[in-house]
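Q: This is my_file_15.pdb (PDB, C-alpha atoms).
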```
ATOM      1  CA  MET I1031     101.713 -37.662 -60.943
ATOM      2  CA  ALA I1032     104.655 -38.037 -63.276
ATOM      3  CA  ASN I1033     104.655 -36.560 -66.749
ATOM      4  CA  TYR I1034     105.736 -39.265 -69.122
ATOM      5  CA  THR I1035     107.941 -38.698 -72.132
ATOM      6  CA  TYR I1036     106.983 -41.015 -74.953
ATOM      7  CA  LEU I1037     109.929 -42.069 -77.099
ATOM      8  CA  THR I1038     110.784 -44.486 -79.828
ATOM      9  CA  GLN I1039     113.496 -47.026 -79.049
ATOM     10  CA  GLU I1040     115.805 -45.018 -81.347
ATOM     11  CA  GLY I1041     115.101 -41.785 -79.453
ATOM     12  CA  TYR I1042     115.622 -43.473 -76.087
ATOM     13  CA  ASP I1043     118.941 -44.956 -77.217
ATOM     14  CA  ARG I1044     120.103 -41.563 -78.544
ATOM     15  CA  LEU I1045     119.308 -39.804 -75.248
ATOM     16  CA  LYS I1046     120.972 -42.604 -73.253
ATOM     17  CA  ALA I1047     124.147 -42.292 -75.358
ATOM     18  CA  GLU I1048     124.114 -38.505 -74.913
ATOM     19  CA  LEU I1049     123.784 -38.923 -71.138
ATOM     20  CA  ASP I1050     126.647 -41.443 -71.017
ATOM     21  CA  GLU I1051     128.825 -39.061 -73.064
ATOM     22  CA  MET I1052     128.110 -36.177 -70.661
ATOM     23  CA  LYS I1053     128.816 -38.296 -67.599
ATOM     24  CA  THR I1054     132.159 -39.554 -68.881
ATOM     25  CA  THR I1055     133.842 -37.285 -71.407
ATOM     26  CA  GLY I1056     131.933 -34.145 -70.438
ATOM     27  CA  ARG I1057     132.773 -34.404 -66.757
ATOM     28  CA  GLN I1058     136.427 -35.225 -67.512
ATOM     29  CA  ASP I1059     136.751 -32.189 -69.788
ATOM     30  CA  VAL I1060     135.239 -29.879 -67.173
ATOM     31  CA  ALA I1061     137.480 -31.299 -64.432
ATOM     32  CA  LYS I1062     140.566 -30.674 -66.605
ATOM     33  CA  ALA I1063     139.473 -27.093 -67.277
ATOM     34  CA  ILE I1064     138.985 -26.468 -63.548
ATOM     35  CA  ALA I1065     142.373 -27.999 -62.732
ATOM     36  CA  GLU I1066     144.123 -25.882 -65.364
ATOM     37  CA  ALA I1067     142.443 -22.725 -64.090
ATOM     38  CA  ARG I1068     143.432 -23.548 -60.481
ATOM     39  CA  GLU I1069     147.078 -23.788 -61.496
ATOM     40  CA  LYS I1070     147.008 -20.191 -62.674
ATOM     41  CA  GLY I1071     146.949 -18.779 -59.178
ATOM     42  CA  ASP I1072     144.545 -16.634 -57.171
ATOM     43  CA  LEU I1073     141.039 -18.054 -57.600
ATOM     44  CA  SER I1074     139.306 -14.859 -56.444
ATOM     45  CA  GLU I1075     140.391 -12.993 -59.579
ATOM     46  CA  ASN I1076     140.499 -15.929 -61.987
ATOM     47  CA  ALA I1077     137.870 -15.557 -64.736
ATOM     48  CA  GLU I1078     138.900 -18.879 -66.281
ATOM     49  CA  TYR I1079     138.144 -20.669 -63.025
ATOM     50  CA  ASP I1080     134.733 -18.979 -62.760
ATOM     51  CA  ALA I1081     133.911 -19.933 -66.365
ATOM     52  CA  ALA I1082     134.976 -23.547 -65.781
ATOM     53  CA  LYS I1083     132.840 -23.771 -62.620
ATOM     54  CA  ASP I1084     129.872 -22.302 -64.529
ATOM     55  CA  ALA I1085     130.396 -24.885 -67.293
ATOM     56  CA  GLN I1086     130.434 -27.606 -64.647
ATOM     57  CA  GLY I1087     127.150 -26.351 -63.210
ATOM     58  CA  MET I1088     125.519 -26.255 -66.653
ATOM     59  CA  LEU I1089     126.742 -29.767 -67.456
ATOM     60  CA  GLU I1090     125.387 -31.154 -64.188
ATOM     61  CA  MET I1091     122.049 -29.426 -64.845
ATOM     62  CA  LYS I1092     121.830 -31.021 -68.327
ATOM     63  CA  ILE I1093     122.746 -34.424 -66.876
ATOM     64  CA  ASN I1094     120.018 -34.050 -64.242
ATOM     65  CA  GLU I1095     117.407 -33.090 -66.869
ATOM     66  CA  LEU I1096     118.331 -36.034 -69.110
ATOM     67  CA  GLU I1097     118.200 -38.431 -66.157
ATOM     68  CA  LYS I1098     114.694 -37.170 -65.292
ATOM     69  CA  THR I1099     113.571 -37.526 -68.917
ATOM     70  CA  LEU I1100     114.892 -41.071 -69.148
ATOM     71  CA  ALA I1101     113.436 -42.009 -65.750
ATOM     72  CA  HIS I1102     109.971 -40.981 -66.930
ATOM     73  CA  ALA I1103     110.357 -42.319 -70.477
ATOM     74  CA  ARG I1104     107.886 -44.737 -71.951
ATOM     75  CA  ILE I1105     109.048 -46.523 -75.083
ATOM     76  CA  LEU I1106     106.356 -46.920 -77.704
ATOM     77  CA  ASN I1107     106.416 -49.810 -80.143
ATOM     78  CA  GLU I1108     105.474 -48.559 -83.602
ATOM     79  CA  SER I1109     104.129 -51.962 -84.655
ATOM     80  CA  ASP I1110     101.366 -51.707 -82.024
ATOM     81  CA  MET I1111     100.198 -48.294 -83.234
ATOM     82  CA  ASP I1112      96.649 -47.655 -84.460
ATOM     83  CA  THR I1113      96.396 -45.617 -87.676
ATOM     84  CA  SER I1114      92.702 -44.778 -87.471
ATOM     85  CA  GLU I1115      93.627 -41.290 -86.224
ATOM     86  CA  VAL I1116      96.705 -39.101 -85.831
ATOM     87  CA  ARG I1117      98.624 -40.185 -82.738
ATOM     88  CA  LEU I1118     102.140 -40.002 -81.385
ATOM     89  CA  LEU I1119     104.598 -41.842 -83.686
ATOM     90  CA  THR I1120     102.269 -41.892 -86.698
ATOM     91  CA  SER I1121     103.233 -40.299 -89.994
ATOM     92  CA  VAL I1122     100.572 -38.012 -91.357
ATOM     93  CA  THR I1123     100.273 -36.597 -94.858
ATOM     94  CA  ILE I1124      98.515 -33.241 -94.832
ATOM     95  CA  LYS I1125      97.409 -30.756 -97.460
ATOM     96  CA  ASN I1126      97.539 -27.026 -96.818
ATOM     97  CA  LYS I1127      94.040 -25.850 -97.806
ATOM     98  CA  LYS I1128      95.309 -22.376 -98.740
ATOM     99  CA  ASN I1129      98.119 -23.220-101.178
ATOM    100  CA  GLY I1130      97.546 -26.938-101.869
ATOM    101  CA  ALA I1131     101.016 -27.980-100.649
ATOM    102  CA  GLN I1132     101.264 -31.563 -99.378
ATOM    103  CA  LEU I1133     103.618 -32.458 -96.546
ATOM    104  CA  THR I1134     104.279 -35.607 -94.548
ATOM    105  CA  TYR I1135     105.347 -35.366 -90.921
ATOM    106  CA  LYS I1136     105.968 -37.881 -88.180
ATOM    107  CA  ILE I1137     104.454 -36.845 -84.838
ATOM    108  CA  VAL I1138     107.024 -37.358 -82.056
ATOM    109  CA  SER I1139     107.815 -36.155 -78.529
ATOM    110  CA  GLU I1140     109.610 -32.843 -77.982
ATOM    111  CA  SER I1141     112.966 -34.505 -77.368
ATOM    112  CA  GLU I1142     112.855 -36.275 -80.753
ATOM    113  CA  ALA I1143     111.555 -33.364 -82.856
ATOM    114  CA  ASP I1144     113.706 -32.558 -85.893
ATOM    115  CA  LEU I1145     112.130 -30.474 -88.644
ATOM    116  CA  LYS I1146     114.858 -31.373 -91.149
ATOM    117  CA  ALA I1147     113.965 -35.058 -90.675
ATOM    118  CA  LYS I1148     110.236 -34.160 -90.971
ATOM    119  CA  LYS I1149     109.595 -35.017 -87.309
ATOM    120  CA  ILE I1150     107.415 -32.508 -85.468
ATOM    121  CA  SER I1151     106.617 -32.343 -81.794
ATOM    122  CA  ALA I1152     103.156 -33.354 -80.623
ATOM    123  CA  SER I1153     103.206 -30.208 -78.473
ATOM    124  CA  SER I1154     103.941 -27.872 -81.417
ATOM    125  CA  PRO I1155     101.009 -25.892 -82.836
ATOM    126  CA  ILE I1156     100.712 -28.099 -85.941
ATOM    127  CA  GLY I1157     101.380 -31.344 -84.052
ATOM    128  CA  SER I1158      98.810 -30.652 -81.348
ATOM    129  CA  GLY I1159      96.287 -29.458 -83.939
ATOM    130  CA  LEU I1160      96.602 -32.717 -85.878
ATOM    131  CA  LEU I1161      96.388 -35.104 -82.903
ATOM    132  CA  GLY I1162      93.144 -37.062 -82.905
ATOM    133  CA  LYS I1163      92.193 -36.141 -86.483
ATOM    134  CA  LYS I1164      91.085 -38.841 -88.920
ATOM    135  CA  ILE I1165      91.609 -39.103 -92.671
ATOM    136  CA  GLY I1166      89.493 -36.488 -94.443
ATOM    137  CA  GLU I1167      89.160 -34.205 -91.418
ATOM    138  CA  VAL I1168      90.416 -30.637 -91.481
ATOM    139  CA  ALA I1169      92.579 -29.332 -88.660
ATOM    140  CA  GLN I1170      92.498 -25.626 -87.932
ATOM    141  CA  VAL I1171      95.854 -24.703 -86.480
ATOM    142  CA  GLN I1172      96.773 -21.381 -84.906
ATOM    143  CA  THR I1173     100.377 -20.690 -85.914
ATOM    144  CA  PRO I1174     102.527 -17.590 -85.498
ATOM    145  CA  ALA I1175     101.680 -16.826 -89.158
ATOM    146  CA  GLY I1176      97.950 -16.966 -88.403
ATOM    147  CA  LEU I1177      95.173 -19.544 -88.684
ATOM    148  CA  MET I1178      95.986 -22.356 -91.108
ATOM    149  CA  GLU I1179      93.848 -25.258 -92.279
ATOM    150  CA  PHE I1180      95.281 -28.684 -93.043
ATOM    151  CA  GLU I1181      93.355 -31.618 -94.477
ATOM    152  CA  VAL I1182      94.515 -35.055 -93.302
ATOM    153  CA  LEU I1183      95.140 -37.150 -96.428
ATOM    154  CA  ASP I1184      96.830 -40.256 -95.000
ATOM    155  CA  ILE I1185      97.992 -41.763 -91.707
ATOM    156  CA  THR I1186     100.706 -44.432 -91.613
ATOM    157  CA  ILE I1187     103.263 -45.909 -89.250
TER
END
```
Take the structure in the file and write it out as C-alpha cells.

A:
Amino acid sequence: MANYTYLTQEGYDRLKAELDEMKTTGRQDVAKAIAEAREKGDLSENAEYDAAKDAQGMLEMKINELEKTLAHARILNESDMDTSEVRLLTSVTIKNKKNGAQLTYKIVSESEADLKAKKISASSPIGSGLLGKKIGEVAQVQTPAGLMEFEVLDITI
C-alpha cells in the first residue's frame, strides 16, 4: 500500500520545479566537477574526485526521493475542503490556554511545512494534536517543552 503525500497545487509545482532543476543544472554541475577532478591525474589519491562522486550520489538520492514523493502525490483542492474540523490544508486559529497567545497556522504535509510562513506539518506534535478537533475543543499536545493545551477558536480555508 502506497503512502500518499497530500499537496496543494502550489506545493506540487514547487517540488516539480526543484526536481527539474536537479535533473538539469544539478547533474551538469556535478558532471563538470567530476571532469575537472579527472583532469588532475591519479584518481586513487584524488580527494576532489571522491568528493565530486559523493556529491553525485547525494544528488541522485535526492532526485530519487523527489520522484517517489511526486509519484505518490495527491493534489488537494482547497475549495472542496470541509471546515467543520481541523484537516489537512485548513487554517486554524488556536489559543494557548496557559498564556492566552493566539496563533493561526495552516496544516500542511511535511514537504510544504514552513514555520516562517505559519505552515505546520500535520505530522508535527501540534499539527497531529489539532487534526480532527472542532471549534471550541481543546487539544492537549505533548511537545518537547511539555504538555500544552490549545483551544480551537476558528477553522478556515

Q: Mind telling me what the PyMOL selection byres ((chain I and resi 1108) around 10) catches here, as a ChimeraX atom specification?

A: /I:1038-1039,1105-1107,1109-1112,1118-1120,1187

Q: In Å, how far is it from CA of Thr1173 (chain I) to CA of Ile1124 (chain I)?

A: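 Here the two named atoms are 15.5 Å from each other.
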
Q: List the spatial neighbours of Lys1125 (chain I) as a VMD selection string - criterion: any atom at most 8 Å away, only C-alpha atoms, same-chain residues fewer than 2 positions off excluded.

A: chain I and resid 1123 1127 1130 to 1133 1180 to 1183

Q: Considering all atoms listed in the file, return as a PyMOL selection string whatever protein or nucleic-acid residues lie within 9 Å of region 1043-1049 of chain I, sequence-local ones (same chain, fewer than 2 positions apart) excluded.

A: chain I and resi 1038-1041+1051-1054+1092-1093+1096-1097+1099-1100+1141

Q: What does the distance between CA of Arg1068 (chain I) and CA of Gln1086 (chain I) come to in Å, to one decimal place?

A: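 CA of Arg1068 (chain I) sits 14.2 Å away from CA of Gln1086 (chain I).
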
Q: Hey, what's within 7 Å of Ser1139 (chain I) if we count only C-alpha atoms and toss same-chain stuff fewer than 4 positions away? As an MDAnalysis selection string, please?

A: chainID I and resid 1035:1037 1143 1151:1152

Q: Residues at most 8 Å from Pro1155 (chain I), counting only C-alpha atoms, excluding those fewer than 4 positions away in the same chain, as a list of chain:residue names?

A: I:Gly1159, I:Val1171, I:Gln1172, I:Thr1173

Q: What is the CA of Lys1062 (chain I) to CA of Ala1081 (chain I) distance in Å?

A: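 Going from CA of Lys1062 (chain I) over to CA of Ala1081 (chain I) covers 12.6 Å.
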
Q: Just so the selection is clear, what residues does the PyMOL selection byres ((chain I and resi 1148) around 8) cover here, as number ranges by chain?

A: I: 1134-1136, 1144-1147, 1149-1150

Q: I need the residues from that last selection saved to file as a PDB file, keeping the file's coordinate frame (with C-alpha atoms), if you can.

A:
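Contents of out34.pdb, as written:
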```
ATOM      1  CA  THR I1134     104.279 -35.607 -94.548  1.00  0.00           C
ATOM      2  CA  TYR I1135     105.347 -35.366 -90.921  1.00  0.00           C
ATOM      3  CA  LYS I1136     105.968 -37.881 -88.180  1.00  0.00           C
ATOM      4  CA  ASP I1144     113.706 -32.558 -85.893  1.00  0.00           C
ATOM      5  CA  LEU I1145     112.130 -30.474 -88.644  1.00  0.00           C
ATOM      6  CA  LYS I1146     114.858 -31.373 -91.149  1.00  0.00           C
ATOM      7  CA  ALA I1147     113.965 -35.058 -90.675  1.00  0.00           C
ATOM      8  CA  LYS I1149     109.595 -35.017 -87.309  1.00  0.00           C
ATOM      9  CA  ILE I1150     107.415 -32.508 -85.468  1.00  0.00           C
TER      10      ILE I1150
END
```

Q: Excluding same-chain residues fewer than 5 positions from Ile1064 (chain I), what lies within 9 Å of it counting all atoms listed in the file, as a ChimeraX atom specification?

A: /I:1059,1069,1078-1083,1086

Q: Take the residues just selected and output them with C-alpha atoms as a PDB file, keeping the file's coordinate frame.

A:
```
ATOM      1  CA  ASP I1059     136.751 -32.189 -69.788  1.00  0.00           C
ATOM      2  CA  GLU I1069     147.078 -23.788 -61.496  1.00  0.00           C
ATOM      3  CA  GLU I1078     138.900 -18.879 -66.281  1.00  0.00           C
ATOM      4  CA  TYR I1079     138.144 -20.669 -63.025  1.00  0.00           C
ATOM      5  CA  ASP I1080     134.733 -18.979 -62.760  1.00  0.00           C
ATOM      6  CA  ALA I1081     133.911 -19.933 -66.365  1.00  0.00           C
ATOM      7  CA  ALA I1082     134.976 -23.547 -65.781  1.00  0.00           C
ATOM      8  CA  LYS I1083     132.840 -23.771 -62.620  1.00  0.00           C
ATOM      9  CA  GLN I1086     130.434 -27.606 -64.647  1.00  0.00           C
TER      10      GLN I1086
END
```

Q: Which of these, I:Ser1074, I:Tyr1042, I:His1102, I:Ala1061, has the shortest distance to Glu1142 (chain I) once you count all atoms listed in the file?

A: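 For Glu1142 (chain I), the nearest of the candidates is I:Tyr1042.
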
Q: Given 4 Å on each side, where is the centre and what are the edge lengths in Å to one decimal of the axis-aligned box enclosing the listed atoms of region 1107-1124 of chain I, as AutoDock Vina command-line options?

A:
```
--center_x 99.6 --center_y -42.6 --center_z -87.5 --size_x 21.7 --size_y 26.7 --size_z 22.7
```

Q: Measuring between all atoms listed in the file, which one of I:Leu1161, I:Ala1175, I:Met1088, I:Gln1170 shows the shortest distance to Thr1113 (chain I)?

A: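 Under the stated criterion, the closest residue is I:Leu1161.
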
Q: Which of these, I:Glu1075, I:Glu1095, I:Asp1184, I:Glu1140, has the shortest distance to Lys1164 (chain I) once you count all atoms listed in the file?

A: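 Residue with the minimum atom-to-atom distance to Lys1164 (chain I): I:Asp1184.
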
Q: Could you pull region 1056-1075 of chain I out of the block above and save it with C-alpha atoms, as a compact mmCIF listing (two decimals), in the first residue's frame?

A:
```txt
# COMPACT_ATOMS: atom_id res chain seq x y z
CA GLY I 1056 22.43 19.90 -10.80
CA ARG I 1057 23.55 16.97 -12.91
CA GLN I 1058 25.51 19.24 -15.27
CA ASP I 1059 27.33 20.88 -12.36
CA VAL I 1060 28.26 17.51 -10.85
CA ALA I 1061 29.45 16.19 -14.23
CA LYS I 1062 31.70 19.25 -14.67
CA ALA I 1063 33.16 18.79 -11.18
CA ILE I 1064 33.92 15.13 -11.92
CA ALA I 1065 35.51 16.01 -15.26
CA GLU I 1066 37.69 18.69 -13.68
CA ALA I 1067 38.81 16.32 -10.94
CA ARG I 1068 39.65 13.61 -13.51
CA GLU I 1069 41.94 16.01 -15.35
CA LYS I 1070 44.06 16.40 -12.24
CA GLY I 1071 45.61 12.98 -12.55
CA ASP I 1072 45.67 9.83 -10.42
CA LEU I 1073 42.11 9.08 -9.31
CA SER I 1074 43.19 6.79 -6.46
CA GLU I 1075 44.63 9.71 -4.49
```
